[in-house]
>>> print(open('run-v7.csv').read())   # CSV, C-alpha atoms
chain,number,residue,atom,x,y,z
Z,227,MET,CA,-3.3,2.1,-10.0
Z,228,ARG,CA,-6.3,2.6,-12.3
Z,229,ASP,CA,-5.2,-0.5,-14.4
Z,230,ASP,CA,-5.0,-2.6,-11.2
Z,231,LEU,CA,-8.5,-1.5,-10.1
Z,232,LEU,CA,-9.9,-2.2,-13.6
Z,233,LEU,CA,-8.5,-5.7,-13.4
Z,234,LEU,CA,-10.1,-6.1,-10.0
Z,235,LEU,CA,-13.4,-5.0,-11.6
Z,236,GLY,CA,-13.0,-7.7,-14.2
Z,237,TYR,CA,-12.5,-10.2,-11.4
Z,238,PHE,CA,-15.7,-9.1,-9.7
Z,239,LEU,CA,-17.7,-9.4,-12.9
Z,240,SER,CA,-16.3,-12.8,-14.0
Z,241,SER,CA,-16.8,-14.1,-10.4
Z,242,ALA,CA,-20.4,-12.9,-10.3
Z,243,ARG,CA,-21.3,-15.1,-13.2
Z,244,GLY,CA,-19.2,-18.1,-12.3
Z,245,LEU,CA,-20.4,-18.4,-8.8
Z,246,ALA,CA,-23.9,-19.4,-10.0
Z,247,ASN,CA,-22.4,-22.8,-11.1
Z,248,GLU,CA,-19.8,-23.4,-8.5
Z,249,PRO,CA,-19.8,-25.0,-5.1
Z,250,LYS,CA,-21.3,-23.0,-2.3
Z,251,SER,CA,-18.0,-22.7,-0.5
Z,252,TYR,CA,-16.5,-20.8,-3.4
Z,253,GLY,CA,-18.6,-17.8,-2.5
Z,254,PRO,CA,-16.8,-16.8,0.7
Z,255,PHE,CA,-13.5,-17.9,-0.9
Z,256,ARG,CA,-13.9,-15.6,-3.9
Z,257,LEU,CA,-14.7,-12.6,-1.6
Z,258,LEU,CA,-11.7,-13.4,0.6
Z,259,ASP,CA,-9.6,-13.7,-2.6
Z,260,ALA,CA,-11.0,-10.4,-3.8
Z,261,ALA,CA,-10.0,-8.8,-0.5
Z,262,GLY,CA,-6.6,-10.3,-0.9
Z,263,ARG,CA,-6.3,-8.8,-4.4
Z,264,LEU,CA,-7.4,-5.4,-3.2
Z,265,LEU,CA,-4.9,-5.5,-0.3
Z,266,GLU,CA,-2.2,-6.4,-2.8
Z,267,ILE,CA,-3.0,-3.3,-4.8
Z,268,MET,CA,-2.9,-1.2,-1.6
Z,269,GLU,CA,0.5,-2.7,-0.7
Z,270,GLU,CA,1.9,-2.1,-4.2
Z,271,HIS,CA,0.8,1.5,-4.1
Z,272,GLY,CA,2.0,2.3,-0.6
Z,273,MET,CA,-1.5,2.5,0.9
Z,274,GLY,CA,-1.1,-0.4,3.3
Z,275,ASP,CA,-0.4,-0.4,7.0
Z,276,ASP,CA,0.4,-3.0,9.7
Z,277,PHE,CA,-3.2,-4.0,9.9
Z,278,THR,CA,-3.8,-4.5,6.1
Z,279,LYS,CA,-0.5,-6.4,5.9
Z,280,ARG,CA,-1.5,-8.7,8.7
Z,281,VAL,CA,-4.9,-9.3,7.0
Z,282,LEU,CA,-3.3,-10.1,3.7
Z,283,GLU,CA,-1.0,-12.6,5.4
Z,284,GLN,CA,-4.0,-14.4,6.9
Z,285,ILE,CA,-5.9,-14.4,3.6
Z,286,ASP,CA,-2.8,-15.8,1.9
Z,287,GLU,CA,-2.8,-18.7,4.3
Z,288,GLU,CA,-6.3,-19.5,3.2
Z,289,ARG,CA,-6.0,-19.1,-0.5
Z,290,PHE,CA,-2.6,-20.6,-1.0
Z,291,GLY,CA,-3.0,-23.6,1.3
Z,292,PRO,CA,-4.5,-27.0,0.5
Z,293,SER,CA,-7.9,-26.9,-1.3
Z,294,HIS,CA,-11.1,-27.0,0.7
Z,295,GLU,CA,-9.7,-26.6,4.2
Z,296,GLY,CA,-13.0,-25.0,4.9
Z,297,LYS,CA,-11.6,-22.3,7.1
Z,298,GLY,CA,-13.0,-19.5,5.0
Z,299,LEU,CA,-16.1,-18.7,7.1
Z,300,GLU,CA,-14.1,-18.8,10.3
Z,301,LEU,CA,-11.5,-16.5,8.8
Z,302,ALA,CA,-14.1,-14.1,7.5
Z,303,ASP,CA,-15.6,-14.0,11.1
Z,304,GLN,CA,-12.2,-13.3,12.6
Z,305,LEU,CA,-11.1,-10.7,10.1
Z,306,SER,CA,-14.5,-8.9,10.3
Z,307,GLN,CA,-14.1,-8.7,14.1
Z,308,GLU,CA,-10.5,-7.5,13.7
Z,309,PHE,CA,-11.7,-4.9,11.2
Z,310,ALA,CA,-14.3,-3.6,13.7
Z,311,GLU,CA,-11.6,-3.2,16.3
Z,312,TYR,CA,-9.4,-1.5,13.7
Z,313,LEU,CA,-12.2,1.0,12.9
Z,314,LYS,CA,-12.8,1.7,16.5
Z,315,ALA,CA,-9.0,2.3,17.1
Z,316,LYS,CA,-8.8,4.7,14.1
Z,317,GLY,CA,-11.9,6.6,15.2
Z,318,SER,CA,-12.7,9.5,13.0
Z,319,ALA,CA,-9.5,9.2,11.0
Z,320,THR,CA,-11.0,6.5,8.7
V,89,MET,CA,11.5,-38.6,-10.4
V,90,ASP,CA,9.6,-41.7,-11.3
V,91,VAL,CA,5.9,-41.8,-12.1
V,92,LEU,CA,4.6,-43.0,-8.8
V,93,GLU,CA,6.7,-40.4,-6.9
V,94,ALA,CA,5.4,-37.7,-9.2
V,95,ILE,CA,1.8,-38.8,-8.7
V,96,TYR,CA,2.0,-38.9,-4.9
V,97,SER,CA,4.1,-35.7,-4.4
V,98,ARG,CA,2.2,-33.4,-6.8
V,99,ARG,CA,0.2,-30.7,-5.2
V,100,SER,CA,-2.1,-28.0,-6.7
V,101,VAL,CA,0.3,-25.0,-6.5
V,102,ARG,CA,-1.3,-21.6,-6.5
V,103,LYS,CA,1.5,-19.3,-5.4
V,104,PHE,CA,4.4,-18.8,-7.7
V,105,THR,CA,7.7,-16.9,-7.8
V,106,ALA,CA,8.3,-14.4,-10.5
V,107,GLU,CA,11.0,-16.5,-12.2
V,108,PRO,CA,10.0,-17.1,-15.8
V,109,ILE,CA,9.7,-20.6,-17.2
V,110,PRO,CA,12.1,-21.5,-20.0
V,111,ASP,CA,10.3,-22.0,-23.3
V,112,ALA,CA,11.8,-25.4,-23.6
V,113,PHE,CA,10.0,-26.5,-20.4
V,114,LEU,CA,6.7,-25.1,-21.7
V,115,SER,CA,7.1,-27.0,-25.0
V,116,ARG,CA,8.0,-30.1,-23.1
V,117,VAL,CA,5.0,-30.1,-20.8
V,118,VAL,CA,2.6,-29.5,-23.8
V,119,GLU,CA,4.3,-32.3,-25.6
V,120,THR,CA,3.6,-34.6,-22.7
V,121,ALA,CA,-0.1,-33.6,-23.0
V,122,LEU,CA,-0.1,-35.0,-26.6
V,123,GLN,CA,0.9,-38.4,-25.2
V,124,ALA,CA,-2.3,-38.7,-23.1
V,125,PRO,CA,-4.7,-41.5,-24.0
V,126,SER,CA,-7.5,-40.3,-26.3
V,127,GLY,CA,-10.7,-42.1,-27.1
V,128,GLY,CA,-10.5,-43.3,-30.8
V,129,ASN,CA,-7.3,-41.4,-30.9
V,130,VAL,CA,-9.4,-38.3,-31.8
V,131,GLN,CA,-7.1,-36.0,-29.9
V,132,PRO,CA,-9.8,-33.3,-29.7
V,133,TRP,CA,-7.5,-30.8,-28.1
V,134,ALA,CA,-5.6,-27.6,-28.9
V,135,PHE,CA,-3.3,-25.6,-26.6
V,136,LEU,CA,-2.5,-22.0,-26.2
V,137,VAL,CA,0.4,-21.0,-24.0
V,138,ILE,CA,0.3,-17.5,-22.5
V,139,ARG,CA,3.6,-16.1,-21.1
V,140,GLU,CA,3.5,-12.4,-21.6
V,141,PRO,CA,3.1,-10.7,-18.2
V,142,THR,CA,0.5,-8.2,-19.1
V,143,ARG,CA,-1.7,-10.8,-20.8
V,144,LEU,CA,-1.3,-13.0,-17.8
V,145,ARG,CA,-2.5,-10.2,-15.5
V,146,GLN,CA,-5.5,-9.5,-17.7
V,147,LEU,CA,-6.4,-13.2,-18.0
V,148,ARG,CA,-6.3,-13.5,-14.2
V,149,ALA,CA,-9.1,-10.9,-14.1
V,150,LEU,CA,-11.3,-13.1,-16.3
V,151,ALA,CA,-10.4,-16.3,-14.5
V,152,PRO,CA,-11.1,-16.1,-10.8
V,153,GLY,CA,-9.7,-19.6,-10.4
V,154,ILE,CA,-6.2,-18.2,-11.1
V,155,ILE,CA,-5.5,-17.3,-7.5
V,156,GLY,CA,-1.8,-16.5,-7.5
V,157,LYS,CA,0.3,-14.9,-10.2
V,158,PRO,CA,1.5,-17.7,-12.6
V,159,THR,CA,4.3,-17.0,-15.1
V,160,ALA,CA,2.6,-19.1,-17.7
V,161,VAL,CA,-0.9,-20.4,-18.4
V,162,VAL,CA,-1.7,-23.3,-20.8
V,163,ALA,CA,-5.3,-23.0,-22.1
V,164,ILE,CA,-6.4,-26.5,-23.0
V,165,CYS,CA,-9.1,-26.1,-25.6
V,166,LEU,CA,-11.7,-28.4,-27.2
V,167,ASP,CA,-11.4,-28.6,-31.0
V,168,ARG,CA,-15.1,-29.0,-31.5
V,169,LYS,CA,-15.0,-29.8,-35.2
V,170,ARG,CA,-12.4,-32.5,-34.7
V,171,ALA,CA,-14.4,-33.9,-31.8
V,172,THR,CA,-17.7,-34.0,-33.7
V,173,THR,CA,-16.4,-35.3,-37.0
V,174,LEU,CA,-14.2,-38.0,-35.6
V,175,GLY,CA,-15.6,-38.7,-32.1
V,176,GLY,CA,-19.0,-40.2,-32.8
V,177,SER,CA,-22.0,-39.9,-30.6
V,178,LEU,CA,-19.9,-39.8,-27.4
V,179,ASP,CA,-17.8,-36.9,-28.7
V,180,GLU,CA,-18.6,-34.3,-26.0
V,181,MET,CA,-18.1,-36.6,-23.1
V,182,MET,CA,-15.0,-38.3,-24.5
V,183,ALA,CA,-13.5,-35.0,-25.4
V,184,GLY,CA,-13.8,-33.9,-21.8
V,185,VAL,CA,-12.2,-37.1,-20.6
V,186,ASP,CA,-9.4,-36.7,-23.1
V,187,ILE,CA,-8.8,-33.1,-22.0
V,188,GLY,CA,-8.7,-34.1,-18.4
V,189,LEU,CA,-6.1,-36.8,-19.2
V,190,ALA,CA,-4.0,-34.3,-21.1
V,191,ALA,CA,-4.2,-31.8,-18.2
V,192,GLN,CA,-2.9,-34.5,-15.8
V,193,ASN,CA,0.1,-35.1,-18.0
V,194,ILE,CA,0.8,-31.4,-18.0
V,195,LEU,CA,0.6,-31.2,-14.2
V,196,LEU,CA,2.8,-34.3,-13.7
V,197,SER,CA,5.5,-33.3,-16.2
V,198,ALA,CA,5.5,-29.8,-14.8
V,199,HIS,CA,6.0,-31.2,-11.3
V,200,ALA,CA,8.8,-33.5,-12.6
V,201,LEU,CA,10.6,-30.4,-14.1
V,202,GLY,CA,10.4,-28.6,-10.8
V,203,LEU,CA,7.4,-26.4,-11.7
V,204,GLY,CA,4.1,-26.2,-9.9
V,205,GLY,CA,0.7,-26.0,-11.4
V,206,CYS,CA,-3.0,-25.9,-10.9
V,207,ALA,CA,-5.9,-26.9,-13.3
V,208,ILE,CA,-8.6,-24.3,-13.4
V,209,ALA,CA,-12.1,-24.5,-14.5
V,210,SER,CA,-13.3,-21.3,-12.8
V,211,PHE,CA,-13.2,-18.8,-15.6
V,212,HIS,CA,-15.7,-17.0,-17.8
V,213,PRO,CA,-15.6,-19.1,-20.9
V,214,SER,CA,-16.9,-16.7,-23.5
V,215,SER,CA,-14.8,-13.8,-22.1
V,216,VAL,CA,-11.7,-15.9,-22.1
V,217,LYS,CA,-12.4,-17.2,-25.6
V,218,SER,CA,-12.8,-13.6,-26.8
V,219,PHE,CA,-9.7,-12.3,-24.9
V,220,LEU,CA,-7.5,-15.0,-26.3
V,221,ASP,CA,-8.9,-14.5,-29.9
V,222,LEU,CA,-9.7,-18.2,-30.2
V,223,PRO,CA,-11.2,-19.1,-33.6
V,224,GLU,CA,-14.6,-20.5,-34.2
V,225,GLY,CA,-14.9,-24.1,-32.9
V,226,ILE,CA,-12.0,-23.8,-30.5
V,227,GLU,CA,-13.4,-23.6,-26.9
V,228,PRO,CA,-11.4,-23.1,-23.7
V,229,VAL,CA,-12.1,-26.0,-21.3
V,230,LEU,CA,-9.3,-25.9,-18.7
V,231,LEU,CA,-6.6,-23.4,-17.8
V,232,VAL,CA,-3.4,-24.7,-16.3
V,233,ALA,CA,-1.5,-22.1,-14.3
V,234,LEU,CA,2.2,-22.8,-14.1
V,235,GLY,CA,5.2,-21.4,-12.4
V,236,TYR,CA,8.0,-22.1,-9.9
V,237,PRO,CA,6.3,-22.8,-6.6
V,238,ALA,CA,6.6,-20.1,-4.0
V,239,ARG,CA,4.7,-22.3,-1.6
V,240,LEU,CA,4.0,-26.0,-1.7
V,241,PRO,CA,0.7,-26.9,0.1
V,242,SER,CA,0.4,-29.9,2.3
V,243,SER,CA,-1.8,-32.7,1.1
V,244,PRO,CA,-5.5,-31.9,1.2
V,245,GLY,CA,-6.2,-35.5,2.1
V,246,ARG,CA,-7.9,-38.1,0.0
V,247,ARG,CA,-10.8,-40.5,0.5
V,248,ASP,CA,-9.7,-43.9,1.8
V,249,LEU,CA,-9.3,-46.7,-0.8
V,250,LYS,CA,-11.7,-48.9,1.1
V,251,GLU,CA,-14.4,-46.2,0.9
V,252,VAL,CA,-14.3,-45.9,-2.9
V,253,CYS,CA,-12.9,-49.2,-4.3
V,254,PHE,CA,-14.5,-52.6,-4.1
V,255,PHE,CA,-13.4,-56.0,-5.4
V,256,GLU,CA,-15.5,-58.3,-7.6
V,257,THR,CA,-18.9,-57.1,-6.2
V,258,TRP,CA,-20.1,-53.7,-4.9
V,259,GLY,CA,-19.1,-53.6,-1.2
V,260,GLY,CA,-16.6,-56.5,-1.7
V,261,THR,CA,-13.5,-56.1,0.4
V,262,GLU,CA,-11.5,-59.2,-0.6
V,263,GLY,CA,-8.2,-57.9,-1.8
V,264,ALA,CA,-8.5,-54.4,-0.2
>>> encode(input="run-v7.csv", output="structure tokens")
Amino acid sequence: MRDDLLLLLGYFLSSARGLANEPKSYGPFRLLDAAGRLLEIMEEHGMGDDFTKRVLEQIDEERFGPSHEGKGLELADQLSQEFAEYLKAKGSAT
Amino acid sequence: MDVLEAIYSRRSVRKFTAEPIPDAFLSRVVETALQAPSGGNVQPWAFLVIREPTRLRQLRALAPGIIGKPTAVVAICLDRKRATTLGGSLDEMMAGVDIGLAAQNILLSAHALGLGGCAIASFHPSSVKSFLDLPEGIEPVLLVALGYPARLPSSPGRRDLKEVCFFETWGGTEGA
């Protein structure tokens, strides 16, 4: 898992530099993609659950669909809300 | 598949199956890049094909634009020495145009062979150059991610012809 996390680190670093010169909409997209990459690592290492699987499916719809559908912000809002509900449901177990 | 069909049905594919691409297909798509028009026939390009899975995973970390997990990446590079010695004062601009034309040939021929692809400019150039051990004067300009499509996106939509194309005079619609 360490190798996977190191590659994710590289993704964060290269994205941080690249975003300065990229369209504004790429910012939310990169973070959603980063979330997708993190969720993939969790799935591959048996750390996922029904919630993380569902989130990954929704992120995949955004990142593998047609370019610039512009639903990234809407999806981020929705997933943030669902995450809050997920935290509440888990209570102190998080 | 004829050329028009290939042009109209090609999509930017970002999700790929794990099935490897035969080397003969990779050679073929790069060969088609060599047939692209080139200003002054300078051909200021060089190509590096990455197929090895570990290197692809590592490259993906330096190239945020590689969204899915391609089974091959063609790095289209600028041969700066060739561009500057043969290309004249328009060398940089023309080299960029030439590389774009070569990339389109790769994408169309890959599509015709049943592959999917996506041209990527979102990568950290100096890191990718270093990771790929590119020699002095060879600069990565575009990465083309390739693989068998796991998902074919619908068309993202295009601007209308009448919005972007005029006849005879700016704003002229005769013939549109």
>>> atom_distance(input="run-v7.csv", atom1="CA of Leu122 (chain V)", atom2="CA of Val229 (chain V)")
15.9 Å
>>> residues_around(input="run-v7.csv", residues="Ala134 (chain V)", least_positions_apart="5", cutoff="8 Å", atoms="all atoms listed in the file", output="count of residues only")
5
>>> interface_residues(input="run-v7.csv", of="chain Z", to="chain V", cutoff="8 Å", atoms="only C-alpha atoms", output="list in words")
Leu233, Leu234, Leu235, Gly236, Tyr237, Ser240, Ser241, Arg243, Gly244, Arg256, Asp259, Arg289, Phe290, Gly291, Pro292, Ser293, His294 and Glu295 of chain Z
>>> atom_distance(input="run-v7.csv", atom1="CA of Phe277 (chain Z)", atom2="CA of Tyr312 (chain Z)")
7.7 Å
>>> atom_distance(input="run-v7.csv", atom1="CA of Phe309 (chain Z)", atom2="CA of Leu282 (chain Z)")
12.4 Å
>>> residues_around(input="run-v7.csv", residues="Ile267 (chain Z)", least_positions_apart="2", cutoff="8 Å", atoms="only C-alpha atoms", output="VMD selection string")
chain Z and resid 227 230 to 231 263 to 265 269 to 271
>>> write_last_selection(input="run-v7.csv", atoms="C-alpha atoms", output="PDB file, in the coordinates of the input")
ATOM      1  CA  MET Z 227      -3.300   2.100 -10.000  1.00  0.00           C
ATOM      2  CA  ASP Z 230      -5.000  -2.600 -11.200  1.00  0.00           C
ATOM      3  CA  LEU Z 231      -8.500  -1.500 -10.100  1.00  0.00           C
ATOM      4  CA  ARG Z 263      -6.300  -8.800  -4.400  1.00  0.00           C
ATOM      5  CA  LEU Z 264      -7.400  -5.400  -3.200  1.00  0.00           C
ATOM      6  CA  LEU Z 265      -4.900  -5.500  -0.300  1.00  0.00           C
ATOM      7  CA  GLU Z 269       0.500  -2.700  -0.700  1.00  0.00           C
ATOM      8  CA  GLU Z 270       1.900  -2.100  -4.200  1.00  0.00           C
ATOM      9  CA  HIS Z 271       0.800   1.500  -4.100  1.00  0.00           C
TER      10      HIS Z 271
END
>>> closest_residue(input="run-v7.csv", among="V:Ile95, V:Ala183, V:Ile194, V:Leu203", to="Val118 (chain V)", atoms="all atoms listed in the file")
V:Ile194
>>> closest_residue(input="run-v7.csv", among="V:Arg170, V:Lys157, V:Arg116, V:Arg246", to="Glu266 (chain Z)", atoms="all atoms listed in the file")
V:Lys157
>>> residues_around(input="run-v7.csv", residues="region 186-190 of chain V", least_positions_apart="6", cutoff="10 Å", atoms="all atoms listed in the file", output="list in words")
Val117, Val118, Glu119, Thr120, Ala121, Leu122, Gln123, Ala124, Pro125, Ser126, Gly127, Asn129, Val130, Gln131, Pro132, Trp133, Ala134, Ile164, Cys165, Leu166, Glu180, Ala207, Val229 and Leu230 of chain V
>>> residues_around(input="run-v7.csv", residues="Val281 (chain Z)", least_positions_apart="6", cutoff="9 Å", atoms="only C-alpha atoms", output="ChimeraX atom specification")
/Z:262,265,305,308
>>> build_atoms(input="run-v7.csv", residues="region 283-306 of chain Z", atoms="N, CA and C atoms", output="PDB file, keeping the file's coordinate frame")
ATOM      1  N   GLU Z 283      -1.694 -11.393   5.032  1.00  0.00           N
ATOM      2  CA  GLU Z 283      -1.000 -12.600   5.400  1.00  0.00           C
ATOM      3  C   GLU Z 283      -1.946 -13.738   5.759  1.00  0.00           C
ATOM      4  N   GLN Z 284      -2.990 -13.377   6.486  1.00  0.00           N
ATOM      5  CA  GLN Z 284      -4.000 -14.400   6.900  1.00  0.00           C
ATOM      6  C   GLN Z 284      -4.787 -14.905   5.719  1.00  0.00           C
ATOM      7  N   ILE Z 285      -5.129 -14.000   4.825  1.00  0.00           N
ATOM      8  CA  ILE Z 285      -5.900 -14.400   3.600  1.00  0.00           C
ATOM      9  C   ILE Z 285      -4.985 -15.311   2.757  1.00  0.00           C
ATOM     10  N   ASP Z 286      -3.702 -14.978   2.671  1.00  0.00           N
ATOM     11  CA  ASP Z 286      -2.800 -15.800   1.900  1.00  0.00           C
ATOM     12  C   ASP Z 286      -2.704 -17.232   2.426  1.00  0.00           C
ATOM     13  N   GLU Z 287      -2.763 -17.361   3.732  1.00  0.00           N
ATOM     14  CA  GLU Z 287      -2.800 -18.700   4.300  1.00  0.00           C
ATOM     15  C   GLU Z 287      -3.938 -19.516   3.809  1.00  0.00           C
ATOM     16  N   GLU Z 288      -5.080 -18.852   3.686  1.00  0.00           N
ATOM     17  CA  GLU Z 288      -6.300 -19.500   3.200  1.00  0.00           C
ATOM     18  C   GLU Z 288      -6.233 -19.832   1.727  1.00  0.00           C
ATOM     19  N   ARG Z 289      -5.835 -18.854   0.931  1.00  0.00           N
ATOM     20  CA  ARG Z 289      -6.000 -19.100  -0.500  1.00  0.00           C
ATOM     21  C   ARG Z 289      -4.816 -19.835  -1.138  1.00  0.00           C
ATOM     22  N   PHE Z 290      -3.688 -19.886  -0.458  1.00  0.00           N
ATOM     23  CA  PHE Z 290      -2.600 -20.600  -1.000  1.00  0.00           C
ATOM     24  C   PHE Z 290      -2.309 -21.956  -0.309  1.00  0.00           C
ATOM     25  N   GLY Z 291      -3.153 -22.295   0.635  1.00  0.00           N
ATOM     26  CA  GLY Z 291      -3.000 -23.600   1.300  1.00  0.00           C
ATOM     27  C   GLY Z 291      -3.724 -24.673   0.574  1.00  0.00           C
ATOM     28  N   PRO Z 292      -3.858 -25.846   1.207  1.00  0.00           N
ATOM     29  CA  PRO Z 292      -4.500 -27.000   0.500  1.00  0.00           C
ATOM     30  C   PRO Z 292      -5.992 -26.585   0.211  1.00  0.00           C
ATOM     31  N   SER Z 293      -6.523 -27.165  -0.870  1.00  0.00           N
ATOM     32  CA  SER Z 293      -7.900 -26.900  -1.300  1.00  0.00           C
ATOM     33  C   SER Z 293      -8.886 -27.325  -0.213  1.00  0.00           C
ATOM     34  N   HIS Z 294      -9.936 -26.572  -0.100  1.00  0.00           N
ATOM     35  CA  HIS Z 294     -11.100 -27.000   0.700  1.00  0.00           C
ATOM     36  C   HIS Z 294     -10.767 -27.276   2.142  1.00  0.00           C
ATOM     37  N   GLU Z 295      -9.920 -26.465   2.733  1.00  0.00           N
ATOM     38  CA  GLU Z 295      -9.700 -26.600   4.200  1.00  0.00           C
ATOM     39  C   GLU Z 295     -10.920 -26.211   4.952  1.00  0.00           C
ATOM     40  N   GLY Z 296     -11.762 -25.419   4.296  1.00  0.00           N
ATOM     41  CA  GLY Z 296     -13.000 -25.000   4.900  1.00  0.00           C
ATOM     42  C   GLY Z 296     -12.904 -24.053   6.044  1.00  0.00           C
ATOM     43  N   LYS Z 297     -11.818 -23.284   6.061  1.00  0.00           N
ATOM     44  CA  LYS Z 297     -11.600 -22.300   7.100  1.00  0.00           C
ATOM     45  C   LYS Z 297     -12.074 -20.911   6.722  1.00  0.00           C
ATOM     46  N   GLY Z 298     -12.655 -20.809   5.514  1.00  0.00           N
ATOM     47  CA  GLY Z 298     -13.000 -19.500   5.000  1.00  0.00           C
ATOM     48  C   GLY Z 298     -13.980 -18.728   5.840  1.00  0.00           C
ATOM     49  N   LEU Z 299     -15.037 -19.395   6.299  1.00  0.00           N
ATOM     50  CA  LEU Z 299     -16.100 -18.700   7.100  1.00  0.00           C
ATOM     51  C   LEU Z 299     -15.476 -18.262   8.433  1.00  0.00           C
ATOM     52  N   GLU Z 300     -14.695 -19.158   9.026  1.00  0.00           N
ATOM     53  CA  GLU Z 300     -14.100 -18.800  10.300  1.00  0.00           C
ATOM     54  C   GLU Z 300     -13.122 -17.632  10.155  1.00  0.00           C
ATOM     55  N   LEU Z 301     -12.380 -17.638   9.049  1.00  0.00           N
ATOM     56  CA  LEU Z 301     -11.500 -16.500   8.800  1.00  0.00           C
ATOM     57  C   LEU Z 301     -12.222 -15.228   8.563  1.00  0.00           C
ATOM     58  N   ALA Z 302     -13.330 -15.316   7.815  1.00  0.00           N
ATOM     59  CA  ALA Z 302     -14.100 -14.100   7.500  1.00  0.00           C
ATOM     60  C   ALA Z 302     -14.680 -13.551   8.859  1.00  0.00           C
ATOM     61  N   ASP Z 303     -15.124 -14.436   9.755  1.00  0.00           N
ATOM     62  CA  ASP Z 303     -15.600 -14.000  11.100  1.00  0.00           C
ATOM     63  C   ASP Z 303     -14.487 -13.254  11.814  1.00  0.00           C
ATOM     64  N   GLN Z 304     -13.342 -13.890  11.843  1.00  0.00           N
ATOM     65  CA  GLN Z 304     -12.200 -13.300  12.600  1.00  0.00           C
ATOM     66  C   GLN Z 304     -11.757 -12.000  12.030  1.00  0.00           C
ATOM     67  N   LEU Z 305     -11.627 -11.937  10.703  1.00  0.00           N
ATOM     68  CA  LEU Z 305     -11.100 -10.700  10.100  1.00  0.00           C
ATOM     69  C   LEU Z 305     -12.169  -9.574  10.209  1.00  0.00           C
ATOM     70  N   SER Z 306     -13.462  -9.940  10.148  1.00  0.00           N
ATOM     71  CA  SER Z 306     -14.500  -8.900  10.300  1.00  0.00           C
ATOM     72  C   SER Z 306     -14.418  -8.319  11.718  1.00  0.00           C
TER      73      SER Z 306
END
